[in-house]
>>> print(open('work-v8.cif').read())   # mmCIF, C-alpha atoms and all ligand atoms
data_upload
#
loop_
_atom_site.label_atom_id
_atom_site.label_comp_id
_atom_site.auth_asym_id
_atom_site.auth_seq_id
_atom_site.Cartn_x
_atom_site.Cartn_y
_atom_site.Cartn_z
CA MET A 281 107.17 80.67 72.24
CA HIS A 282 106.24 81.43 75.78
CA ALA A 283 102.76 82.54 76.85
CA GLU A 284 104.12 85.64 78.59
CA ARG A 285 105.94 87.09 75.59
CA ARG A 286 103.99 88.38 72.62
CA PRO A 287 105.71 87.35 69.37
CA PHE A 288 107.73 89.92 67.40
CA ILE A 289 108.32 89.47 63.66
CA GLY A 290 110.49 91.95 61.77
CA GLY A 291 110.88 92.14 58.00
CA ASN A 292 114.39 93.40 57.18
CA TRP A 293 114.14 94.49 53.58
CA LYS A 294 117.90 95.21 53.44
CA MET A 295 118.94 97.07 50.25
CA ASN A 296 115.97 95.86 48.23
CA THR A 297 112.91 97.30 46.51
CA ASP A 298 112.59 100.64 44.82
CA LEU A 299 110.20 103.31 46.01
CA ALA A 300 107.19 102.04 44.06
CA SER A 301 107.70 98.37 44.88
CA GLY A 302 108.43 99.22 48.53
CA VAL A 303 105.10 100.99 48.83
CA GLU A 304 103.39 98.10 47.06
CA LEU A 305 105.03 95.64 49.42
CA ALA A 306 103.92 97.62 52.48
CA ASP A 307 100.39 97.72 51.14
CA ALA A 308 100.45 94.00 50.44
CA VAL A 309 101.86 93.26 53.91
CA LEU A 310 98.97 95.14 55.52
CA ALA A 311 96.44 93.22 53.43
CA ALA A 312 98.12 89.85 54.03
CA LEU A 313 98.35 90.40 57.80
CA ALA A 314 94.69 91.38 57.92
CA ALA A 315 93.75 88.29 55.91
CA ALA A 316 95.85 86.10 58.20
CA GLY A 317 94.08 87.59 61.22
CA VAL A 318 97.27 87.97 63.25
CA GLU A 319 97.23 91.66 64.04
CA GLU A 320 96.00 91.00 67.57
CA SER A 321 98.61 88.43 68.46
CA VAL A 322 101.88 89.45 66.77
CA ASP A 323 103.97 92.62 66.86
CA ALA A 324 105.01 93.04 63.22
CA ALA A 325 107.60 95.51 61.94
CA VAL A 326 109.12 96.34 58.56
CA TYR A 327 112.56 97.84 57.96
CA PRO A 328 112.71 99.47 54.51
CA PRO A 329 115.80 101.29 53.15
CA PHE A 330 116.32 104.83 54.52
CA PRO A 331 115.08 106.81 51.49
CA TYR A 332 111.75 105.02 51.49
CA LEU A 333 110.97 105.25 55.20
CA PHE A 334 108.76 108.31 55.06
CA THR A 335 106.67 107.13 52.14
CA VAL A 336 106.35 103.57 53.39
CA GLY A 337 105.39 105.00 56.78
CA ARG A 338 102.54 106.91 55.17
CA THR A 339 101.40 103.70 53.54
CA LEU A 340 101.40 101.95 56.92
CA GLY A 341 99.39 104.87 58.30
CA HIS A 342 97.90 104.14 61.69
CA SER A 343 98.18 100.37 61.31
CA ALA A 344 99.80 98.36 64.07
CA VAL A 345 102.79 97.50 61.86
CA LEU A 346 105.87 99.27 63.19
CA LEU A 347 108.05 101.23 60.82
CA GLY A 348 111.74 100.67 61.46
CA ALA A 349 115.16 101.56 60.05
CA GLN A 350 118.08 99.22 59.45
CA ASP A 351 120.64 101.30 61.34
CA CYS A 352 121.21 104.63 63.06
CA SER A 353 124.17 106.81 63.90
CA ALA A 354 125.84 106.68 67.32
CA ASP A 355 125.76 110.49 67.35
CA VAL A 356 122.95 112.96 67.86
CA SER A 357 123.82 115.44 65.08
CA GLY A 358 126.72 117.22 63.47
CA ALA A 359 129.43 116.68 60.89
CA PHE A 360 128.79 113.01 60.10
CA THR A 361 128.41 112.82 56.35
CA GLY A 362 126.05 110.11 55.22
CA GLN A 363 124.84 109.19 58.71
CA VAL A 364 121.23 109.20 59.89
CA SER A 365 120.43 109.97 63.53
CA ALA A 366 117.90 108.20 65.72
CA GLY A 367 116.08 111.52 66.11
CA MET A 368 115.72 111.83 62.34
CA LEU A 369 114.25 108.34 62.24
CA CYS A 370 111.66 109.31 64.85
CA ASP A 371 110.92 112.43 62.83
CA VAL A 372 109.90 110.40 59.78
CA GLY A 373 107.72 108.05 61.80
CA CYS A 374 110.07 105.22 62.77
CA ARG A 375 109.34 103.40 65.98
CA SER A 376 112.08 100.82 65.74
CA VAL A 377 115.66 100.37 64.54
CA ILE A 378 117.95 97.40 63.90
CA ILE A 379 121.33 97.71 65.64
CA GLY A 380 124.39 95.61 64.85
CA HIS A 381 123.19 93.50 61.96
CA SER A 382 125.98 91.10 61.00
CA GLU A 383 126.13 92.66 57.54
CA ARG A 384 127.25 95.82 59.34
CA ARG A 385 129.40 94.10 61.97
CA HIS A 386 131.28 92.06 59.43
CA GLY A 387 130.82 94.03 56.21
CA LEU A 388 131.43 97.48 57.71
CA GLY A 389 133.48 96.67 60.79
CA GLU A 390 131.02 97.83 63.45
CA ASP A 391 132.20 96.67 66.86
CA ASP A 392 130.47 96.21 70.21
CA GLU A 393 131.76 99.54 71.52
CA LEU A 394 130.11 101.42 68.64
CA LEU A 395 126.97 99.30 68.88
CA HIS A 396 126.71 100.11 72.57
CA GLU A 397 126.61 103.81 71.65
CA LYS A 398 124.02 103.18 68.95
CA LEU A 399 121.88 101.11 71.29
CA ALA A 400 122.00 103.81 73.96
CA ILE A 401 120.97 106.57 71.58
CA ALA A 402 118.23 104.49 69.94
CA LEU A 403 116.69 103.72 73.32
CA GLU A 404 117.05 107.29 74.51
CA SER A 405 115.12 108.33 71.40
CA GLY A 406 112.27 106.02 72.33
CA LEU A 407 112.84 103.48 69.57
CA VAL A 408 112.36 99.72 69.91
CA ALA A 409 115.93 98.55 69.35
CA VAL A 410 116.43 95.16 67.71
CA LEU A 411 119.95 94.26 68.77
CA CYS A 412 121.55 91.59 66.57
CA VAL A 413 124.09 89.08 67.80
CA GLY A 414 125.44 85.89 66.26
CA GLU A 415 128.51 83.78 65.67
CA THR A 416 130.35 82.93 62.45
CA LEU A 417 130.62 79.37 61.19
CA SER A 418 134.21 78.97 62.37
CA GLU A 419 133.28 80.23 65.82
CA ARG A 420 130.49 77.63 65.96
CA ASP A 421 132.77 74.88 64.66
CA ASP A 422 135.29 75.78 67.38
CA GLY A 423 132.58 75.35 70.02
CA ARG A 424 132.68 79.04 70.90
CA ALA A 425 129.22 80.12 69.68
CA GLU A 426 127.69 80.76 73.11
CA ALA A 427 130.80 82.52 74.41
CA VAL A 428 130.96 84.78 71.34
CA VAL A 429 127.30 85.75 71.64
CA ALA A 430 127.60 86.33 75.40
CA HIS A 431 130.58 88.60 74.75
CA GLN A 432 128.61 90.57 72.14
CA LEU A 433 125.70 91.00 74.55
CA ARG A 434 127.93 92.18 77.39
CA GLY A 435 129.71 94.61 75.09
CA CYS A 436 126.53 96.03 73.57
CA PHE A 437 124.52 96.38 76.78
CA GLY A 438 127.63 97.54 78.63
CA THR A 439 126.73 100.04 81.27
CA LEU A 440 123.12 100.61 80.19
CA LYS A 441 120.81 100.76 83.20
CA ALA A 442 117.90 98.34 83.59
CA GLU A 443 115.28 101.09 83.21
CA THR A 444 116.66 102.11 79.81
CA VAL A 445 116.77 98.66 78.21
CA GLU A 446 113.06 97.82 78.41
CA ARG A 447 112.54 98.41 74.71
CA VAL A 448 115.22 95.99 73.49
CA VAL A 449 114.46 92.95 71.36
CA VAL A 450 117.49 90.67 70.96
CA ALA A 451 117.86 89.02 67.54
CA TYR A 452 120.03 85.91 67.38
CA GLU A 453 121.25 85.65 63.80
CA PRO A 454 123.98 83.09 63.22
CA VAL A 455 126.10 84.61 60.45
CA TRP A 456 126.28 81.30 58.57
CA ALA A 457 122.48 81.08 58.39
CA ILE A 458 121.85 84.51 56.88
CA GLY A 459 120.77 84.38 53.27
CA THR A 460 122.22 80.88 52.87
CA GLY A 461 119.07 78.77 53.02
CA ARG A 462 120.69 76.98 55.96
CA THR A 463 118.85 77.62 59.24
CA ALA A 464 119.97 76.67 62.72
CA SER A 465 118.15 73.51 63.81
CA PRO A 466 115.26 74.26 66.16
CA GLU A 467 117.28 72.55 68.94
CA ASP A 468 120.43 74.62 68.34
CA ALA A 469 118.42 77.83 68.08
CA GLN A 470 116.54 77.04 71.31
CA ALA A 471 119.80 76.23 73.13
CA MET A 472 121.32 79.54 72.08
CA HIS A 473 118.20 81.51 72.99
CA ALA A 474 118.20 79.91 76.46
CA SER A 475 121.86 80.85 76.80
CA ILE A 476 121.11 84.46 75.76
CA ARG A 477 118.36 84.61 78.36
CA ARG A 478 120.81 83.44 81.03
CA VAL A 479 123.22 86.22 80.03
CA LEU A 480 120.41 88.80 80.26
CA ALA A 481 119.52 87.50 83.73
CA ASP A 482 123.13 87.83 84.75
CA LEU A 483 123.46 91.33 83.27
CA TYR A 484 120.19 92.58 84.81
CA ASP A 485 117.84 90.19 86.59
CA SER A 486 115.69 87.17 85.93
CA ARG A 487 112.52 89.23 85.52
CA PHE A 488 114.09 91.33 82.79
CA ALA A 489 115.37 88.17 81.12
CA ALA A 490 111.94 86.55 81.34
CA ARG A 491 110.11 89.44 79.67
CA THR A 492 112.67 90.33 76.97
CA ARG A 493 111.92 88.99 73.54
CA ILE A 494 114.67 87.02 71.81
CA ILE A 495 113.97 86.43 68.13
CA TYR A 496 115.75 84.22 65.58
CA GLY A 497 116.98 85.27 62.15
CA GLY A 498 118.64 83.35 59.33
CA SER A 499 116.83 81.74 56.41
CA VAL A 500 113.45 81.65 58.14
CA ASN A 501 110.68 80.92 55.66
CA ALA A 502 106.99 80.04 55.67
CA LYS A 503 107.81 76.32 55.89
CA ASN A 504 110.40 76.19 58.66
CA ALA A 505 109.08 79.02 60.85
CA ARG A 506 106.70 77.03 63.05
CA ALA A 507 109.27 74.42 64.12
CA ILE A 508 111.67 77.20 65.13
CA PHE A 509 109.00 79.23 66.93
CA ASP A 510 107.96 76.22 69.01
CA GLY A 511 111.18 76.63 71.02
CA PRO A 512 110.12 78.03 74.43
CA ASP A 513 112.78 80.76 74.36
CA ILE A 514 112.17 81.78 70.74
CA ASP A 515 109.85 84.77 70.58
CA GLY A 516 109.65 85.44 66.85
CA GLY A 517 111.94 86.16 63.93
CA LEU A 518 113.92 88.70 61.96
CA ILE A 519 113.19 87.85 58.37
CA GLY A 520 115.26 88.82 55.34
CA GLY A 521 114.48 87.27 51.96
CA ALA A 522 111.04 85.94 52.89
CA SER A 523 109.94 89.38 54.10
CA LEU A 524 110.03 90.64 50.52
CA LYS A 525 106.96 88.53 49.73
CA ALA A 526 103.93 89.73 51.64
CA ASP A 527 102.24 86.33 51.71
CA ASP A 528 105.34 84.59 53.04
CA PHE A 529 105.80 87.29 55.66
CA ALA A 530 102.18 86.91 56.74
CA SER A 531 102.52 83.10 56.85
CA ILE A 532 105.53 83.49 59.14
CA CYS A 533 103.50 85.84 61.34
CA ARG A 534 100.71 83.27 61.40
CA ALA A 535 103.18 80.53 62.40
CA ALA A 536 104.26 82.77 65.29
CA ALA A 537 100.65 83.39 66.33
CA GLU A 538 99.92 79.65 66.26
CA ALA A 539 103.05 78.79 68.21
CA TRP A 540 102.15 81.45 70.77
CA SER A 541 98.60 80.19 71.08
CA ALA A 542 99.88 76.61 71.49
CA ALA A 543 102.10 77.90 74.31
CA GLY A 544 99.06 79.36 76.06
CA GLY A 545 99.37 82.96 74.81
CA HIS A 546 96.31 84.96 73.75
P1 LIG A 601 117.50 85.86 55.48
O1 LIG A 601 116.14 85.60 56.08
O2 LIG A 601 117.45 86.30 54.07
O3 LIG A 601 118.44 84.72 55.74
O4 LIG A 601 118.11 87.11 56.30
C1 LIG A 601 118.08 87.10 57.67
C2 LIG A 601 118.47 88.42 58.16
O5 LIG A 601 119.61 88.83 58.02
C3 LIG A 601 117.45 89.27 58.78
O6 LIG A 601 118.00 90.40 59.37
#
>>> encode(input="work-v8.cif", output="structure tokens")
Amino acid sequence: MHAERRPFIGGNWKMNTDLASGVELADAVLAALAAAGVEESVDAAVYPPFPYLFTVGRTLGHSAVLLGAQDCSADVSGAFTGQVSAGMLCDVGCRSVIIGHSERRHGLGEDDELLHEKLAIALESGLVAVLCVGETLSERDDGRAEAVVAHQLRGCFGTLKAETVERVVVAYEPVWAIGTGRTASPEDAQAMHASIRRVLADLYDSRFAARTRIIYGGSVNAKNARAIFDGPDIDGGLIGGASLKADDFASICRAAAEAWSAAGGH
């Protein structure tokens, strides 16, 4: 953590919960965050499945927890069967969206060109865009992890102007760490986050790089979170499995708040 960047913790529920348990989870997250006393020091967000967004959003009410979606279309409207536009997300109360999760990059073939379009439209719609990048195991083993991630960043940011990218949070999620129980070591995660920040400085400028939050995702849990968050370039996490348990999610938020406080944040 760094004193100047308020931590961001997102709970990516993926294709889990049903309507009733999603609402229960949202309720429990609110209660657990209040009990943990972290509302003042952490930006927390949850990303439920599309059909539950509206109802979960009502449960979140006027709380500080951001409602987010797991994807959006690259188009504004029209003949795109099955797609959901960024405008529709705003309409049902979303304030954030995940772009380019590896389960979409690799499972559904989304490439940087498409993700650039999605990022542009999400930002234009006023959403906080959590842009995911990350290398596969073979890319890491080949020593290409930083180059692969830099290439993803350049492709996704593309021609976007500095004034439009203020609301981006970058999520580094090594593909081999997602849902595997195998996290990047705190040292490897910190090294990659520092490298991402250098790419952002090169793409825009050092001030943009210094204020942009870069969060880590991949098998973060209540036990390992603090060691990861102590990295000076690690500004929070994107949490999968552990976000489905309100207490674990709140513990991870508390770890972020403690790491931030130790770094001199409020
Ligand atoms: P896990 O925390 O389950 O590894 O998932 C990480 C992730 O993909 C968050 O987007």
>>> closest_residue(input="work-v8.cif", among="A:His431, A:Lys525, A:Arg491, A:Arg285", to="ligand LIG 601 (chain A)", atoms="all atoms listed in the file")
A:Lys525
>>> residues_near_ligand(input="work-v8.cif", ligand="ligand LIG 601 (chain A)", cutoff="8 Å", atoms="only C-alpha atoms and all ligand atoms", output="JSON, numbers by chain")
{"A": [291, 292, 294, 381, 382, 383, 453, 457, 458, 459, 460, 461, 463, 497, 498, 499, 500, 501, 518, 519, 520, 521, 522, 523]}
>>> atom_distance(input="work-v8.cif", atom1="CA of Ala530 in chain A", atom2="CA of Gly290 in chain A")
10.9 Å
>>> atom_distance(input="work-v8.cif", atom1="CA of Lys503 in chain A", atom2="CA of Ser418 in chain A")
27.3 Å
>>> closest_residue(input="work-v8.cif", among="A:Phe437, A:Phe360, A:Phe529, A:Tyr332", to="Val309 in chain A", atoms="all atoms listed in the file")
A:Phe529
>>> residues_around(input="work-v8.cif", residues="range 397-414 of chain A", least_positions_apart="3", cutoff="7 Å", atoms="all atoms listed in the file", output="list in words")
Cys352, Ser353, Ala354, Ala366, Gly367, Arg375, Ser376, Val377, Ile378, Ile379, Gly380, His381, Glu393, Leu394, Val429, Gln432, Thr444, Arg447, Val448, Val449, Val450, Ala451, Tyr452, Glu453, Pro454 and Val455 of chain A
>>> write_last_selection(input="work-v8.cif", atoms="C-alpha atoms", output="CSV table (one decimal), in the coordinates of the input")
chain,number,residue,atom,x,y,z
A,352,CYS,CA,121.2,104.6,63.1
A,353,SER,CA,124.2,106.8,63.9
A,354,ALA,CA,125.8,106.7,67.3
A,366,ALA,CA,117.9,108.2,65.7
A,367,GLY,CA,116.1,111.5,66.1
A,375,ARG,CA,109.3,103.4,66.0
A,376,SER,CA,112.1,100.8,65.7
A,377,VAL,CA,115.7,100.4,64.5
A,378,ILE,CA,118.0,97.4,63.9
A,379,ILE,CA,121.3,97.7,65.6
A,380,GLY,CA,124.4,95.6,64.8
A,381,HIS,CA,123.2,93.5,62.0
A,393,GLU,CA,131.8,99.5,71.5
A,394,LEU,CA,130.1,101.4,68.6
A,429,VAL,CA,127.3,85.8,71.6
A,432,GLN,CA,128.6,90.6,72.1
A,444,THR,CA,116.7,102.1,79.8
A,447,ARG,CA,112.5,98.4,74.7
A,448,VAL,CA,115.2,96.0,73.5
A,449,VAL,CA,114.5,93.0,71.4
A,450,VAL,CA,117.5,90.7,71.0
A,451,ALA,CA,117.9,89.0,67.5
A,452,TYR,CA,120.0,85.9,67.4
A,453,GLU,CA,121.2,85.6,63.8
A,454,PRO,CA,124.0,83.1,63.2
A,455,VAL,CA,126.1,84.6,60.4
>>> closest_residue(input="work-v8.cif", among="A:Asp307, A:Asp510, A:Asp528, A:Glu467", to="Ala542 in chain A", atoms="all atoms listed in the file")
A:Asp510
>>> atom_distance(input="work-v8.cif", atom1="CA of Glu320 in chain A", atom2="CA of Gly516 in chain A")
14.8 Å
>>> residues_around(input="work-v8.cif", residues="Arg534 in chain A", least_positions_apart="5", cutoff="10 Å", atoms="all atoms listed in the file", output="PyMOL selection string")
chain A and resi 313+316-319+321-322+502+505-506+528-529+539-540
>>> write_last_selection(input="work-v8.cif", atoms="C-alpha atoms", output="PDB file, in the coordinates of the input")
ATOM      1  CA  LEU A 313      98.350  90.400  57.800  1.00  0.00           C
ATOM      2  CA  ALA A 316      95.850  86.100  58.200  1.00  0.00           C
ATOM      3  CA  GLY A 317      94.080  87.590  61.220  1.00  0.00           C
ATOM      4  CA  VAL A 318      97.270  87.970  63.250  1.00  0.00           C
ATOM      5  CA  GLU A 319      97.230  91.660  64.040  1.00  0.00           C
ATOM      6  CA  SER A 321      98.610  88.430  68.460  1.00  0.00           C
ATOM      7  CA  VAL A 322     101.880  89.450  66.770  1.00  0.00           C
ATOM      8  CA  ALA A 502     106.990  80.040  55.670  1.00  0.00           C
ATOM      9  CA  ALA A 505     109.080  79.020  60.850  1.00  0.00           C
ATOM     10  CA  ARG A 506     106.700  77.030  63.050  1.00  0.00           C
ATOM     11  CA  ASP A 528     105.340  84.590  53.040  1.00  0.00           C
ATOM     12  CA  PHE A 529     105.800  87.290  55.660  1.00  0.00           C
ATOM     13  CA  ALA A 539     103.050  78.790  68.210  1.00  0.00           C
ATOM     14  CA  TRP A 540     102.150  81.450  70.770  1.00  0.00           C
TER      15      TRP A 540
END
>>> closest_residue(input="work-v8.cif", among="A:Ala283, A:Ala442, A:Ala543, A:Ile495", to="Leu483 in chain A", atoms="all atoms listed in the file")
A:Ala442
>>> closest_residue(input="work-v8.cif", among="A:Asp351, A:Asp323, A:Glu415, A:Asp421", to="Met295 in chain A", atoms="all atoms listed in the file")
A:Asp351
>>> residues_around(input="work-v8.cif", residues="Asp392 in chain A", least_positions_apart="3", cutoff="8 Å", atoms="all atoms listed in the file", output="ChimeraX atom specification")
/A:395-396,432,435-436
>>> residues_near_point(input="work-v8.cif", point="(110.8, 77.3, 70.8)", cutoff="9 Å", atoms="only C-alpha atoms", output="list in words")
Met281, His282, Pro466, Glu467, Ala469, Gln470, His473, Arg506, Ala507, Ile508, Phe509, Asp510, Gly511, Pro512, Asp513, Ile514, Asp515 and Ala539 of chain A
>>> write_last_selection(input="work-v8.cif", atoms="C-alpha atoms", output="mmCIF file, keeping the file's coordinate frame")
data_model
loop_
_atom_site.group_PDB
_atom_site.id
_atom_site.type_symbol
_atom_site.label_atom_id
_atom_site.label_comp_id
_atom_site.auth_asym_id
_atom_site.auth_seq_id
_atom_site.Cartn_x
_atom_site.Cartn_y
_atom_site.Cartn_z
ATOM 1 C CA MET A 281 107.170 80.670 72.240
ATOM 2 C CA HIS A 282 106.240 81.430 75.780
ATOM 3 C CA PRO A 466 115.260 74.260 66.160
ATOM 4 C CA GLU A 467 117.280 72.550 68.940
ATOM 5 C CA ALA A 469 118.420 77.830 68.080
ATOM 6 C CA GLN A 470 116.540 77.040 71.310
ATOM 7 C CA HIS A 473 118.200 81.510 72.990
ATOM 8 C CA ARG A 506 106.700 77.030 63.050
ATOM 9 C CA ALA A 507 109.270 74.420 64.120
ATOM 10 C CA ILE A 508 111.670 77.200 65.130
ATOM 11 C CA PHE A 509 109.000 79.230 66.930
ATOM 12 C CA ASP A 510 107.960 76.220 69.010
ATOM 13 C CA GLY A 511 111.180 76.630 71.020
ATOM 14 C CA PRO A 512 110.120 78.030 74.430
ATOM 15 C CA ASP A 513 112.780 80.760 74.360
ATOM 16 C CA ILE A 514 112.170 81.780 70.740
ATOM 17 C CA ASP A 515 109.850 84.770 70.580
ATOM 18 C CA ALA A 539 103.050 78.790 68.210
#
>>> closest_residue(input="work-v8.cif", among="A:Ser541, A:Ala300, A:Ser343, A:Ile289", to="Val326 in chain A", atoms="all atoms listed in the file")
A:Ile289
